Each structure stands twice: as structure tokens, then as C-alpha cells.
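Participant: Please find query02.cif (mmCIF, C-alpha atoms and all ligand atoms) on the next line:
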```cif
data_structure
loop_
_atom_site.label_atom_id
_atom_site.label_comp_id
_atom_site.auth_asym_id
_atom_site.auth_seq_id
_atom_site.Cartn_x
_atom_site.Cartn_y
_atom_site.Cartn_z
CA MET A 50 -19.68 23.39 -83.01
CA ASN A 51 -18.32 26.72 -81.76
CA ALA A 52 -14.69 27.75 -82.09
CA GLY A 53 -13.20 29.94 -79.40
CA VAL A 54 -10.02 30.69 -77.50
CA VAL A 55 -8.94 27.75 -75.33
CA GLY A 56 -5.53 29.19 -74.44
CA ILE A 57 -3.70 32.47 -74.83
CA GLY A 58 -0.21 33.86 -74.20
CA ARG A 59 2.19 36.62 -75.14
CA TYR A 60 5.81 37.59 -75.24
CA LEU A 61 7.23 41.08 -74.94
CA PRO A 62 10.94 41.87 -75.24
CA GLU A 63 12.45 43.20 -72.02
CA ASN A 64 14.16 46.22 -73.55
CA ILE A 65 12.02 49.34 -72.94
CA VAL A 66 12.53 52.41 -75.13
CA THR A 67 10.84 55.51 -73.72
CA ASN A 68 9.85 58.69 -75.52
CA ALA A 69 12.72 60.38 -73.66
CA ASP A 70 15.11 57.86 -75.24
CA LEU A 71 13.76 58.79 -78.69
CA GLU A 72 14.17 62.51 -77.94
CA LYS A 73 17.92 61.83 -77.79
CA LYS A 74 17.92 60.13 -81.19
CA MET A 75 15.63 62.36 -83.29
CA ASP A 76 13.86 65.70 -83.43
CA THR A 77 10.77 64.78 -81.43
CA SER A 78 9.33 65.30 -77.97
CA ASP A 79 7.59 63.24 -75.35
CA GLU A 80 4.76 65.79 -75.43
CA TRP A 81 4.26 65.45 -79.23
CA ILE A 82 4.23 61.65 -79.10
CA ARG A 83 1.90 61.44 -76.10
CA THR A 84 -0.66 63.92 -77.35
CA ARG A 85 -0.70 62.61 -80.95
CA THR A 86 -0.57 58.89 -80.20
CA GLY A 87 -0.90 58.10 -76.47
CA ILE A 88 2.40 56.17 -76.63
CA GLU A 89 4.81 56.56 -73.70
CA GLU A 90 7.17 53.66 -74.30
CA ARG A 91 7.61 50.56 -76.49
CA ARG A 92 9.56 47.30 -76.36
CA ILE A 93 12.36 46.74 -78.86
CA ALA A 94 13.80 43.25 -79.33
CA ASP A 95 17.55 42.72 -79.15
CA ASP A 96 19.39 41.87 -82.37
CA ASP A 97 19.63 38.19 -81.45
CA ILE A 98 15.85 37.83 -81.01
CA ASP A 99 14.07 37.48 -84.33
CA THR A 100 10.35 37.27 -85.09
CA SER A 101 10.19 33.47 -84.81
CA ASP A 102 11.85 33.59 -81.36
CA MET A 103 9.10 35.89 -80.07
CA ALA A 104 6.41 33.82 -81.83
CA TYR A 105 7.74 30.64 -80.25
CA ARG A 106 7.65 32.10 -76.73
CA ALA A 107 4.11 33.42 -77.10
CA ALA A 108 2.99 30.10 -78.63
CA LYS A 109 4.50 28.12 -75.74
CA ALA A 110 2.62 30.30 -73.26
CA ALA A 111 -0.68 29.85 -75.14
CA MET A 112 -0.24 26.08 -75.34
CA LYS A 113 0.54 25.90 -71.63
CA ASP A 114 -2.60 27.92 -70.93
CA ALA A 115 -4.63 25.57 -73.17
CA ASN A 116 -2.98 22.55 -71.57
CA ILE A 117 -2.41 20.81 -74.91
CA SER A 118 0.55 18.94 -76.32
CA PRO A 119 2.29 20.02 -79.56
CA GLU A 120 1.11 16.86 -81.37
CA GLU A 121 -2.52 17.95 -80.99
CA ILE A 122 -2.11 21.06 -83.14
CA GLY A 123 -3.45 20.59 -86.67
CA LEU A 124 -2.51 23.95 -88.14
CA ILE A 125 -0.23 26.85 -87.26
CA LEU A 126 -1.09 30.29 -88.63
CA VAL A 127 1.35 33.12 -88.05
CA ALA A 128 0.22 36.65 -88.87
CA THR A 129 3.26 38.81 -89.51
CA VAL A 130 4.76 41.29 -91.97
CA THR A 131 8.22 40.96 -90.44
CA PRO A 132 9.16 37.28 -90.93
CA ASP A 133 12.75 36.21 -90.23
CA ALA A 134 13.05 35.75 -94.03
CA PRO A 135 10.49 35.39 -96.87
CA PHE A 136 10.82 31.63 -96.43
CA PRO A 137 10.80 29.31 -94.63
CA SER A 138 7.77 30.86 -92.97
CA VAL A 139 7.70 31.82 -89.31
CA SER A 140 4.98 29.20 -88.86
CA CYS A 141 7.31 26.44 -90.16
CA ARG A 142 10.12 27.71 -87.97
CA ILE A 143 7.98 27.47 -84.83
CA GLN A 144 6.44 24.19 -85.94
CA GLU A 145 9.93 22.72 -85.66
CA LYS A 146 10.75 24.38 -82.33
CA LEU A 147 7.43 23.41 -80.78
CA GLY A 148 7.60 19.85 -82.10
CA ALA A 149 4.13 20.26 -83.60
CA VAL A 150 4.78 17.32 -85.92
CA ASN A 151 1.17 16.92 -87.04
CA ALA A 152 0.61 20.55 -87.93
CA ALA A 153 0.40 22.20 -91.33
CA ALA A 154 1.88 25.68 -91.25
CA MET A 155 1.52 28.95 -93.12
CA ASP A 156 1.99 32.68 -92.59
CA ILE A 157 -0.68 35.30 -93.16
CA SER A 158 0.15 38.75 -94.52
CA ALA A 159 -2.60 41.15 -93.50
CA ALA A 160 -0.49 43.64 -91.51
CA CYS A 161 -2.13 44.95 -88.34
CA ALA A 162 -5.40 43.11 -89.09
CA GLY A 163 -3.46 39.82 -89.32
CA PHE A 164 -4.57 38.37 -86.02
CA MET A 165 -8.23 38.89 -86.98
CA TYR A 166 -7.60 37.12 -90.31
CA GLY A 167 -5.84 34.30 -88.45
CA MET A 168 -8.59 33.79 -85.92
CA VAL A 169 -11.31 33.75 -88.54
CA THR A 170 -9.35 31.25 -90.65
CA ALA A 171 -8.82 29.07 -87.58
CA LYS A 172 -12.54 29.16 -86.84
CA GLN A 173 -13.33 27.64 -90.26
CA PHE A 174 -11.00 24.69 -89.71
CA VAL A 175 -12.18 24.03 -86.16
CA GLU A 176 -15.91 24.36 -86.85
CA SER A 177 -15.70 22.14 -89.93
CA GLY A 178 -14.13 19.48 -87.73
CA THR A 179 -10.96 19.45 -89.82
CA TYR A 180 -8.58 20.29 -86.97
CA LYS A 181 -9.08 20.00 -83.24
CA TYR A 182 -6.69 22.84 -82.43
CA VAL A 183 -5.31 25.68 -84.52
CA LEU A 184 -2.49 27.82 -83.15
CA VAL A 185 -2.76 31.46 -84.21
CA VAL A 186 0.15 33.82 -83.58
CA GLY A 187 0.37 37.57 -84.19
CA VAL A 188 3.98 38.67 -84.09
CA GLU A 189 6.10 41.57 -85.30
CA LYS A 190 9.63 42.77 -85.07
CA LEU A 191 8.76 46.12 -86.60
CA SER A 192 12.00 47.66 -85.33
CA LYS A 193 13.87 45.94 -88.18
CA ILE A 194 11.79 47.66 -90.87
CA THR A 195 11.59 51.02 -89.08
CA ASP A 196 13.49 53.95 -90.54
CA TRP A 197 15.01 55.42 -87.38
CA ASP A 198 15.61 58.67 -89.27
CA ASP A 199 11.89 59.12 -89.99
CA ARG A 200 10.31 60.63 -86.89
CA GLY A 201 6.87 60.37 -88.50
CA THR A 202 6.90 56.56 -88.19
CA ALA A 203 9.75 55.65 -85.80
CA VAL A 204 7.90 56.83 -82.70
CA LEU A 205 4.83 54.67 -83.40
CA PHE A 206 5.93 51.06 -83.47
CA GLY A 207 7.12 48.33 -81.11
CA ASP A 208 7.99 44.62 -81.07
CA GLY A 209 6.04 41.77 -79.48
CA ALA A 210 4.01 38.61 -79.92
CA GLY A 211 0.63 37.20 -78.89
CA ALA A 212 -0.77 33.72 -79.51
CA ALA A 213 -4.05 31.89 -79.08
CA VAL A 214 -5.05 28.26 -79.35
CA ILE A 215 -8.40 28.03 -81.12
CA GLY A 216 -10.50 24.98 -80.37
CA GLN A 217 -14.03 23.90 -79.62
CA VAL A 218 -15.74 25.69 -76.74
CA SER A 219 -19.12 25.18 -75.06
CA ASP A 220 -22.43 26.35 -76.55
CA ASN A 221 -22.94 30.12 -76.70
CA ARG A 222 -19.24 30.81 -76.17
CA GLY A 223 -16.54 31.47 -78.73
CA ILE A 224 -16.59 33.48 -81.95
CA LEU A 225 -20.13 34.78 -82.47
CA ALA A 226 -19.57 36.85 -85.60
CA PHE A 227 -16.81 38.38 -87.69
CA GLU A 228 -16.13 40.83 -90.46
CA LEU A 229 -13.06 40.86 -92.68
CA GLY A 230 -12.32 43.32 -95.44
CA ALA A 231 -9.67 44.72 -97.75
CA ASP A 232 -9.20 47.72 -100.03
CA GLY A 233 -6.10 47.46 -102.17
CA THR A 234 -6.62 50.95 -103.56
CA GLY A 235 -5.34 52.24 -100.20
CA GLY A 236 -2.15 50.20 -100.34
CA LYS A 237 -0.21 53.34 -101.24
CA PHE A 238 -0.91 54.89 -97.83
CA LEU A 239 1.03 52.32 -95.78
CA TYR A 240 3.62 49.96 -97.20
CA GLN A 241 7.14 48.65 -96.89
CA ASP A 242 9.78 49.64 -99.39
CA GLU A 243 12.97 48.99 -97.46
CA TYR A 244 11.34 50.59 -94.42
CA ILE A 245 7.78 51.43 -93.41
CA ILE A 246 6.39 54.30 -95.49
CA MET A 247 3.18 55.91 -94.30
CA ASN A 248 0.79 58.71 -95.10
CA GLY A 249 -0.32 59.22 -91.50
CA ARG A 250 -3.28 61.47 -92.19
CA GLU A 251 -4.83 59.14 -94.80
CA VAL A 252 -4.33 56.08 -92.59
CA PHE A 253 -5.84 57.98 -89.67
CA LYS A 254 -8.98 58.93 -91.64
CA PHE A 255 -9.46 55.37 -92.90
CA ALA A 256 -8.87 53.86 -89.47
CA VAL A 257 -11.33 56.09 -87.62
CA ARG A 258 -14.06 55.29 -90.12
CA GLN A 259 -13.33 51.57 -90.43
CA MET A 260 -12.82 50.79 -86.75
CA GLY A 261 -16.19 52.35 -85.91
CA GLU A 262 -18.07 50.73 -88.77
CA SER A 263 -16.62 47.24 -88.27
CA SER A 264 -17.35 47.30 -84.53
CA VAL A 265 -20.98 48.21 -85.16
CA ASN A 266 -21.33 45.67 -88.01
CA VAL A 267 -19.92 42.76 -86.07
CA LEU A 268 -22.22 43.40 -83.14
CA ALA A 269 -25.24 43.51 -85.44
CA LYS A 270 -24.14 40.24 -87.10
CA ALA A 271 -23.92 38.63 -83.64
CA GLY A 272 -27.41 39.87 -82.78
CA LEU A 273 -26.01 41.95 -79.93
CA THR A 274 -26.29 45.60 -78.94
CA LYS A 275 -23.76 48.11 -77.65
CA GLU A 276 -25.02 47.48 -74.12
CA ASP A 277 -23.94 43.83 -74.38
CA VAL A 278 -20.25 44.70 -74.83
CA ASP A 279 -18.08 44.06 -71.77
CA MET A 280 -14.72 44.86 -73.36
CA LEU A 281 -13.57 46.48 -76.59
CA ILE A 282 -10.09 45.39 -77.71
CA PRO A 283 -9.11 47.74 -80.52
CA HIS A 284 -5.86 47.41 -82.43
CA GLN A 285 -3.46 49.54 -80.40
CA ALA A 286 -2.26 51.95 -83.08
CA ASN A 287 -3.06 55.34 -81.67
CA ILE A 288 -5.21 56.38 -78.72
CA ARG A 289 -7.20 58.85 -80.84
CA ILE A 290 -8.19 56.13 -83.33
CA MET A 291 -9.06 53.76 -80.48
CA GLU A 292 -11.17 56.45 -78.81
CA ALA A 293 -13.15 56.92 -82.02
CA SER A 294 -14.26 53.27 -81.96
CA ARG A 295 -15.06 53.46 -78.26
CA GLU A 296 -17.21 56.53 -78.83
CA ARG A 297 -18.96 54.86 -81.75
CA LEU A 298 -19.96 52.01 -79.41
CA GLU A 299 -20.80 54.53 -76.65
CA LEU A 300 -18.70 52.60 -74.14
CA PRO A 301 -17.28 54.00 -70.89
CA LEU A 302 -13.48 54.33 -70.68
CA GLU A 303 -13.04 51.27 -68.49
CA LYS A 304 -14.58 49.03 -71.18
CA MET A 305 -11.80 49.72 -73.69
CA SER A 306 -8.48 47.95 -73.44
CA LYS A 307 -5.51 50.32 -73.58
CA THR A 308 -1.95 49.03 -73.78
CA VAL A 309 -0.66 51.38 -76.49
CA HIS A 310 1.02 53.61 -73.87
CA LYS A 311 3.27 50.72 -72.80
CA TYR A 312 3.92 48.82 -76.04
CA GLY A 313 3.23 51.21 -78.93
CA ASN A 314 1.81 49.73 -82.14
CA THR A 315 2.87 46.06 -82.30
CA SER A 316 0.76 45.43 -85.42
CA ALA A 317 -0.61 41.86 -85.60
CA ALA A 318 0.43 41.26 -81.98
CA SER A 319 -1.43 44.13 -80.37
CA ILE A 320 -4.86 42.49 -79.94
CA PRO A 321 -3.71 39.22 -78.31
CA ILE A 322 -1.19 41.13 -76.16
CA SER A 323 -4.06 43.31 -74.93
CA ILE A 324 -6.34 40.34 -74.22
CA VAL A 325 -3.67 38.79 -71.98
CA GLU A 326 -3.21 42.12 -70.23
CA GLU A 327 -6.95 42.43 -69.49
CA LEU A 328 -7.14 38.82 -68.28
CA GLU A 329 -4.25 39.55 -65.92
CA ASN A 330 -6.05 42.71 -64.76
CA GLY A 331 -9.16 40.62 -64.06
CA LYS A 332 -11.13 42.68 -66.57
CA ILE A 333 -12.18 39.75 -68.79
CA LYS A 334 -14.26 37.01 -67.20
CA ASP A 335 -16.05 33.95 -68.52
CA ASP A 336 -19.14 34.81 -70.59
CA ASP A 337 -18.02 38.39 -71.17
CA VAL A 338 -18.70 39.72 -74.66
CA ILE A 339 -15.52 41.02 -76.28
CA VAL A 340 -15.30 42.99 -79.50
CA MET A 341 -11.90 42.95 -81.20
CA VAL A 342 -11.28 45.26 -84.12
CA GLY A 343 -8.19 45.91 -86.20
CA PHE A 344 -7.03 47.68 -89.36
CA GLY A 345 -3.76 47.87 -91.17
CA GLY A 346 -1.69 48.10 -94.33
CA GLY A 347 -3.21 46.59 -97.43
CA LEU A 348 -5.49 48.17 -96.54
CA THR A 349 -7.09 45.46 -94.43
CA TRP A 350 -9.50 45.30 -91.54
CA GLY A 351 -11.22 42.77 -89.36
CA ALA A 352 -13.51 42.53 -86.35
CA ILE A 353 -14.66 39.67 -84.16
CA ALA A 354 -17.39 39.47 -81.52
CA LEU A 355 -16.62 36.69 -79.08
CA ARG A 356 -18.09 35.38 -75.86
CA TRP A 357 -15.15 34.54 -73.64
CA GLY A 358 -14.62 31.14 -72.04
CA LYS A 359 -13.97 27.53 -72.94
C1 LIG B 401 1.15 59.89 -87.51
C2 LIG B 401 0.16 60.70 -86.71
C3 LIG B 401 0.35 60.44 -85.24
C4 LIG B 401 0.45 62.18 -86.96
O1 LIG B 401 -0.46 62.91 -86.22
P1 LIG B 401 -1.15 64.18 -86.88
O2 LIG B 401 -2.06 64.76 -85.86
O3 LIG B 401 -1.71 63.74 -88.18
O4 LIG B 401 0.05 65.08 -87.07
P2 LIG B 401 -0.02 66.46 -87.81
O5 LIG B 401 -0.25 66.18 -89.25
O6 LIG B 401 -0.97 67.37 -87.12
O7 LIG B 401 1.40 66.98 -87.54
C5 LIG B 401 2.39 66.63 -88.38
C6 LIG B 401 3.52 67.55 -88.02
O8 LIG B 401 4.23 66.97 -86.95
C7 LIG B 401 5.54 66.68 -87.37
N1 LIG B 401 5.93 65.42 -86.80
C8 LIG B 401 5.76 64.19 -87.32
N2 LIG B 401 6.27 63.28 -86.47
C9 LIG B 401 6.76 63.94 -85.43
C10 LIG B 401 7.40 63.53 -84.26
N3 LIG B 401 7.64 62.25 -83.98
N4 LIG B 401 7.76 64.48 -83.38
C11 LIG B 401 7.55 65.76 -83.63
N5 LIG B 401 6.95 66.21 -84.73
C12 LIG B 401 6.55 65.30 -85.61
C13 LIG B 401 5.47 66.63 -88.88
O9 LIG B 401 6.71 66.90 -89.44
C14 LIG B 401 4.46 67.69 -89.17
O10 LIG B 401 5.08 68.94 -89.09
P3 LIG B 401 4.70 70.09 -90.14
O11 LIG B 401 3.26 70.37 -89.94
O12 LIG B 401 5.61 71.21 -89.75
O13 LIG B 401 4.99 69.51 -91.48
C15 LIG B 401 -1.28 60.38 -87.15
O14 LIG B 401 -1.51 60.83 -88.44
C16 LIG B 401 -1.61 58.93 -87.06
O15 LIG B 401 -1.61 58.35 -86.01
N6 LIG B 401 -1.94 58.29 -88.21
C17 LIG B 401 -2.24 56.88 -88.22
C18 LIG B 401 -0.96 56.12 -88.17
C19 LIG B 401 -1.16 54.67 -87.84
O16 LIG B 401 -1.90 54.31 -86.99
N7 LIG B 401 -0.42 53.83 -88.56
C20 LIG B 401 -0.40 52.43 -88.32
C21 LIG B 401 -1.56 51.77 -88.92
S1 LIG B 401 -1.70 50.11 -88.44
#
```
Could you spell out this file's structure in C-alpha cells?
Ligand SMILES: CC(C)(COP(=O)(O)OP(=O)(O)OC[C@H]1O[C@@H](n2cnc3c(N)ncnc32)[C@H](O)[C@@H]1OP(=O)(O)O)[C@@H](O)C(=O)NCCC(=O)NCCS
Facilitator:
Amino acid sequence: MNAGVVGIGRYLPENIVTNADLEKKMDTSDEWIRTRTGIEERRIADDDIDTSDMAYRAAKAAMKDANISPEEIGLILVATVTPDAPFPSVSCRIQEKLGAVNAAAMDISAACAGFMYGMVTAKQFVESGTYKYVLVVGVEKLSKITDWDDRGTAVLFGDGAGAAVIGQVSDNRGILAFELGADGTGGKFLYQDEYIIMNGREVFKFAVRQMGESSVNVLAKAGLTKEDVDMLIPHQANIRIMEASRERLELPLEKMSKTVHKYGNTSAASIPISIVEELENGKIKDDDVIVMVGFGGGLTWGAIALRWGK
């Protein structure tokens, strides 16, 4: 039995904050942000939209795409570091709203690698035959833990949600291989006190190395080569980090998904948001090989090689 994506959706807040808007609030410039990060604008959720509201909307879209009813979901996994409150979990909150009465529910804390952790966990439950469908959501309202007086972090992040329904897909499709990892010794480089605290240079060095290595490892585990890759979906943290993984896989520009310029770093949401974008652009087709790779606070990382299609 192969687990794969049988439905996918996303939600992005309407409110756009451009680099020019940030120039008015802090000592920064559009030029600095663009050249260092590739970010041009990000979405920031209104005060009355919390993490679970975004998660719910993305989940609804994914379930519609999968054409399943809420009762068919066996497990809800929500990857987030910005829950509405420590408990009840975001997954329980959306379980109620969705009416997923047969689903167990739990949140996953693996920062920007959270969606990779969620998908791999879902795969275990689907392939063991335990649950027919697992709903995986990556969602963040990072704006509520951003220190708007710290220009070193405030320019990087955005809010949003992406969701996927994981279920059985046909032979040769679905998740072909994965790699997950963690290194708690690097926790000091990126963490939340009241707000996000980051040592940008250390995170950058780690990310460039890990994104490249995990992409190569996951392809090897799947028995594939660089030439087999149709689309690389890197965590959208910073264009220079994303470029490093693309170069490591020796892929042309058009084979790497880029949404960071529009949405900034949406942490656990960035990979599913980008998949939806590429589907809408017609750049992911059935039987395409996709490599997803993420890294984040913890430190954590994860990569998945997947053949697209039900
Ligand atoms: C944060 C990051 C963009 C900084 O880029 P960088 O090339 O390392 O920046 P530099 O160290 O060359 O420059 C830092 C300088 O810019 C200044 N600076 C920082 N933020 C700024 C901003 N928004 N606008 C203008 N100047 C800024 C700093 O004060 C510093 O000035 P100084 O040298 O006078 O002290 C980069 O380190 C990065 O992307 N790291 C990874 C972050 C990440 O992805 N985190 C999320 C992980 S999921």
C-alpha cells in the first residue's frame, strides 16, 4: 500500500504587507530585504483570524479537493508553532469545526520542518492500514510571535496555511522515500522566548548544508537520480538557501518552486502552499517526481520524494 496526497488546499490571509510598508515601520529597505531574502511581500492575518481559523480554511479546501467527508478522516495532524493556545490543540479545534467526529487529533511541533514530519507520520498510519485518511495541516500565524522592533527577523515571516489529505494512491505513486532529522544542540540558534529570536548566520549555514544533503539523500533512498526530479519544493525561507539546494540537485530554475517573494517564510505552511501554487500554474502533473525539503527551529529537518497523483 502506498500513501500519497489525495487532496490539497491552502489559505492565505488577504492583507498584503509589502517591503515598502515595512520601510515605514522600521529601519530597513526594500533593496536590503530583496537581495538578502528574495521576499517582496507577505500576508499578515487580521487580529480576529487565529491559527485555527486559517487551518480550518485550508483543511476544508483539501477535503473538497480529495472529495471526502469529515467522518472519513481517522487522524488530524497540525504542524504549527503558533497554536491559538497551548491547549486545546489546533487539531482538536479544527476537528470540531470540520465535524471530523471519527478523528483522533494532535499537533506537531517541528517548526518549519513540521509539514514534513506530519506527512511522514500520516504515511505510517495509512500504509499500516490503521486509517484510511489522515489530514495534515501546516499553519502559522507567525505575526503574533514576531518582534516588530527587530528588523533582523520581522522582515522574514508571514502568515498562512496549507493542508493535504493523505490516503492510499495507486502503485508507484505517493511517498517514495523520506528523511527526518533533528539536532537539539542547535536549538539556541532559533527559538521563541516571547518573540522569535534568531542567529541568522548560524541558521543560514545549517540550512544551506542540510537542505542540500537531505535532497540528495532522499533521492538516493528512492532509487532516483537528479535527472528524475520534475519539481523541487524547498521550504520558502530565503531565496539564497533555496538556490543552494537547487544547485546541489543541478536543476534548472524552472524546476524549483518559488513563492517566497509573495508570502515570505510561512514556516510549516510554506511547502503545501507552494505545491498548490505549482498545481495552479500547471507545473505539477500526474507522475511527476517532486522533492520537498524543509528545515527549521529545533533544529529539525525533513525531506520527501513523492510521485504525484492519486
Ligand atoms: C537573516 C539573513 C537574511 C541576514 O542576511 P545576512 O546576509 O546574514 O546579513 P548580514 O549578516 O550580511 O548583514 C547583517 C547586517 O544587516 C543588518 N540588518 C539586519 N536586518 C536588516 C534589515 N531588515 N534591514 C536592513 N538591515 C538589516 C544587520 O543589523 C547587520 O548590520 P551590521 O553588519 O551593521 O551589524 C540571513 O542570515 C538568513 O536568511 N538567515 C536564515 C534565516 C532563516 O531562514 N530563518 C528561518 C529558518 S526556518
Participant: Excluding region 231-234 of chain A and residues on its chain fewer than 3 positions from it, collect all residues at most 8 Å away from it, counting all atoms listed in the file, and give them as a short mmCIF file (atom, residue, chain, number, x, y, z; two decimals) with C-alpha atoms, in the coordinates of the input.
Facilitator:
```cif
data_model
loop_
_atom_site.label_atom_id
_atom_site.label_comp_id
_atom_site.auth_asym_id
_atom_site.auth_seq_id
_atom_site.Cartn_x
_atom_site.Cartn_y
_atom_site.Cartn_z
CA LYS A 237 -0.21 53.34 -101.24
CA GLY A 347 -3.21 46.59 -97.43
CA LEU A 348 -5.49 48.17 -96.54
CA THR A 349 -7.09 45.46 -94.43
CA TRP A 350 -9.50 45.30 -91.54
#
```
Participant: Would you kindly return, as a VMD selection string, each protein, DNA or RNA residue with an atom no farther than 9 Å from any atom of region 303-310 of chain A, considering all atoms listed in the file and excluding same-chain residues fewer than 3 positions away?
Facilitator: chain A and resid 83 86 to 91 278 to 288 291 to 292 295 300 313 to 315 319 322 to 324 326 to 327 332
Participant: Near region 247-259 of chain A, counting all atoms listed in the file, which residues have an atom at most 9 Å away, once you skip same-chain residues fewer than 4 positions from it, shown as a PyMOL selection string?
Facilitator: chain A and resi 201-202+235+237-241+263-264+287+289-294+343-346+348+350
Participant: A:Leu355, A:Val218, A:Ile245, A:Ala104: which is nearest ligand LIG 401 (chain B), counting all atoms listed in the file?
Facilitator: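 Looking only at the distances to ligand LIG 401 (chain B), the closest residue turns out to be A:Ile245.
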Participant: Just checking: using all atoms listed in the file, which residue out of A:Leu298, A:Ile157, A:Ala152, A:Ala203 ends up closest to Ile82 (chain A)?
Facilitator: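 Among the listed residues, the smallest separation from Ile82 (chain A) belongs to A:Ala203.
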Participant: Identify which of the residues A:Ala226, A:Ala107, A:Ile122, A:Ala317 lies closest to Tyr180 (chain A), counting only C-alpha atoms when measuring atom-to-atom distances.
Facilitator: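 Result for the nearest residue to Tyr180 (chain A): A:Ile122.
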Participant: Render region 240-249 of chain A from the structure in the preceding block as a file of all heavy atoms, as a PDB file, in the first residue's frame.
Facilitator:
```pdb
ATOM      1  N   TYR A 240      14.689  30.237  18.311  1.00  0.00           N
ATOM      2  CA  TYR A 240      13.734  29.810  19.324  1.00  0.00           C
ATOM      3  C   TYR A 240      12.770  30.939  19.639  1.00  0.00           C
ATOM      4  O   TYR A 240      12.969  32.088  19.213  1.00  0.00           O
ATOM      5  CB  TYR A 240      14.464  29.349  20.592  1.00  0.00           C
ATOM      6  CG  TYR A 240      15.298  30.409  21.269  1.00  0.00           C
ATOM      7  CD1 TYR A 240      14.798  31.169  22.319  1.00  0.00           C
ATOM      8  CD2 TYR A 240      16.604  30.648  20.841  1.00  0.00           C
ATOM      9  CE1 TYR A 240      15.563  32.150  22.936  1.00  0.00           C
ATOM     10  CE2 TYR A 240      17.375  31.638  21.449  1.00  0.00           C
ATOM     11  CZ  TYR A 240      16.854  32.380  22.493  1.00  0.00           C
ATOM     12  OH  TYR A 240      17.620  33.353  23.087  1.00  0.00           O
ATOM     13  N   GLN A 241      11.727  30.588  20.383  1.00  0.00           N
ATOM     14  CA  GLN A 241      10.797  31.609  20.846  1.00  0.00           C
ATOM     15  C   GLN A 241      10.998  31.832  22.329  1.00  0.00           C
ATOM     16  O   GLN A 241      10.997  30.877  23.123  1.00  0.00           O
ATOM     17  CB  GLN A 241       9.342  31.182  20.591  1.00  0.00           C
ATOM     18  CG  GLN A 241       8.372  32.290  20.974  1.00  0.00           C
ATOM     19  CD  GLN A 241       6.926  31.841  21.054  1.00  0.00           C
ATOM     20  OE1 GLN A 241       6.604  30.711  20.702  1.00  0.00           O
ATOM     21  NE2 GLN A 241       6.069  32.707  21.526  1.00  0.00           N
ATOM     22  N   ASP A 242      11.206  33.092  22.709  1.00  0.00           N
ATOM     23  CA  ASP A 242      11.163  33.456  24.113  1.00  0.00           C
ATOM     24  C   ASP A 242       9.757  34.026  24.256  1.00  0.00           C
ATOM     25  O   ASP A 242       8.794  33.269  24.288  1.00  0.00           O
ATOM     26  CB  ASP A 242      12.264  34.475  24.397  1.00  0.00           C
ATOM     27  CG  ASP A 242      12.464  34.707  25.864  1.00  0.00           C
ATOM     28  OD1 ASP A 242      11.690  34.114  26.638  1.00  0.00           O
ATOM     29  OD2 ASP A 242      13.352  35.482  26.265  1.00  0.00           O
ATOM     30  N   GLU A 243       9.614  35.363  24.211  1.00  0.00           N
ATOM     31  CA  GLU A 243       8.266  35.882  23.966  1.00  0.00           C
ATOM     32  C   GLU A 243       8.072  35.931  22.443  1.00  0.00           C
ATOM     33  O   GLU A 243       7.057  35.529  21.895  1.00  0.00           O
ATOM     34  CB  GLU A 243       8.116  37.267  24.594  1.00  0.00           C
ATOM     35  CG  GLU A 243       6.720  37.843  24.443  1.00  0.00           C
ATOM     36  CD  GLU A 243       6.631  39.254  25.014  1.00  0.00           C
ATOM     37  OE1 GLU A 243       7.627  39.755  25.579  1.00  0.00           O
ATOM     38  OE2 GLU A 243       5.559  39.868  24.888  1.00  0.00           O
ATOM     39  N   TYR A 244       9.132  36.433  21.790  1.00  0.00           N
ATOM     40  CA  TYR A 244       9.125  36.547  20.325  1.00  0.00           C
ATOM     41  C   TYR A 244      10.179  35.614  19.728  1.00  0.00           C
ATOM     42  O   TYR A 244      10.961  35.000  20.453  1.00  0.00           O
ATOM     43  CB  TYR A 244       9.441  38.001  19.932  1.00  0.00           C
ATOM     44  CG  TYR A 244       8.420  38.997  20.426  1.00  0.00           C
ATOM     45  CD1 TYR A 244       8.778  40.010  21.321  1.00  0.00           C
ATOM     46  CD2 TYR A 244       7.108  38.930  19.984  1.00  0.00           C
ATOM     47  CE1 TYR A 244       7.836  40.937  21.763  1.00  0.00           C
ATOM     48  CE2 TYR A 244       6.155  39.851  20.420  1.00  0.00           C
ATOM     49  CZ  TYR A 244       6.532  40.834  21.311  1.00  0.00           C
ATOM     50  OH  TYR A 244       5.599  41.743  21.748  1.00  0.00           O
ATOM     51  N   ILE A 245      10.206  35.592  18.390  1.00  0.00           N
ATOM     52  CA  ILE A 245      11.208  34.781  17.689  1.00  0.00           C
ATOM     53  C   ILE A 245      12.589  35.414  17.901  1.00  0.00           C
ATOM     54  O   ILE A 245      12.764  36.613  17.698  1.00  0.00           O
ATOM     55  CB  ILE A 245      10.910  34.730  16.170  1.00  0.00           C
ATOM     56  CG1 ILE A 245       9.545  34.110  15.895  1.00  0.00           C
ATOM     57  CG2 ILE A 245      12.030  33.980  15.435  1.00  0.00           C
ATOM     58  CD1 ILE A 245       9.051  34.302  14.464  1.00  0.00           C
ATOM     59  N   ILE A 246      13.542  34.574  18.305  1.00  0.00           N
ATOM     60  CA  ILE A 246      14.928  35.026  18.465  1.00  0.00           C
ATOM     61  C   ILE A 246      15.778  34.182  17.524  1.00  0.00           C
ATOM     62  O   ILE A 246      15.655  32.947  17.512  1.00  0.00           O
ATOM     63  CB  ILE A 246      15.429  34.805  19.913  1.00  0.00           C
ATOM     64  CG1 ILE A 246      14.384  35.331  20.890  1.00  0.00           C
ATOM     65  CG2 ILE A 246      16.837  35.363  20.100  1.00  0.00           C
ATOM     66  CD1 ILE A 246      14.742  36.390  21.808  1.00  0.00           C
ATOM     67  N   MET A 247      16.627  34.822  16.742  1.00  0.00           N
ATOM     68  CA  MET A 247      17.342  34.051  15.721  1.00  0.00           C
ATOM     69  C   MET A 247      18.768  34.540  15.537  1.00  0.00           C
ATOM     70  O   MET A 247      19.027  35.738  15.530  1.00  0.00           O
ATOM     71  CB  MET A 247      16.592  34.204  14.385  1.00  0.00           C
ATOM     72  CG  MET A 247      17.188  33.399  13.265  1.00  0.00           C
ATOM     73  SD  MET A 247      16.266  33.640  11.737  1.00  0.00           S
ATOM     74  CE  MET A 247      16.809  35.268  11.272  1.00  0.00           C
ATOM     75  N   ASN A 248      19.665  33.586  15.389  1.00  0.00           N
ATOM     76  CA  ASN A 248      21.024  33.880  14.933  1.00  0.00           C
ATOM     77  C   ASN A 248      21.033  33.545  13.436  1.00  0.00           C
ATOM     78  O   ASN A 248      21.205  32.397  13.038  1.00  0.00           O
ATOM     79  CB  ASN A 248      22.023  33.009  15.704  1.00  0.00           C
ATOM     80  CG  ASN A 248      23.457  33.258  15.271  1.00  0.00           C
ATOM     81  OD1 ASN A 248      23.721  33.621  14.131  1.00  0.00           O
ATOM     82  ND2 ASN A 248      24.384  33.068  16.186  1.00  0.00           N
ATOM     83  N   GLY A 249      20.790  34.585  12.636  1.00  0.00           N
ATOM     84  CA  GLY A 249      20.570  34.387  11.193  1.00  0.00           C
ATOM     85  C   GLY A 249      21.712  33.683  10.490  1.00  0.00           C
ATOM     86  O   GLY A 249      21.496  32.795   9.672  1.00  0.00           O
TER      87      GLY A 249
END
```
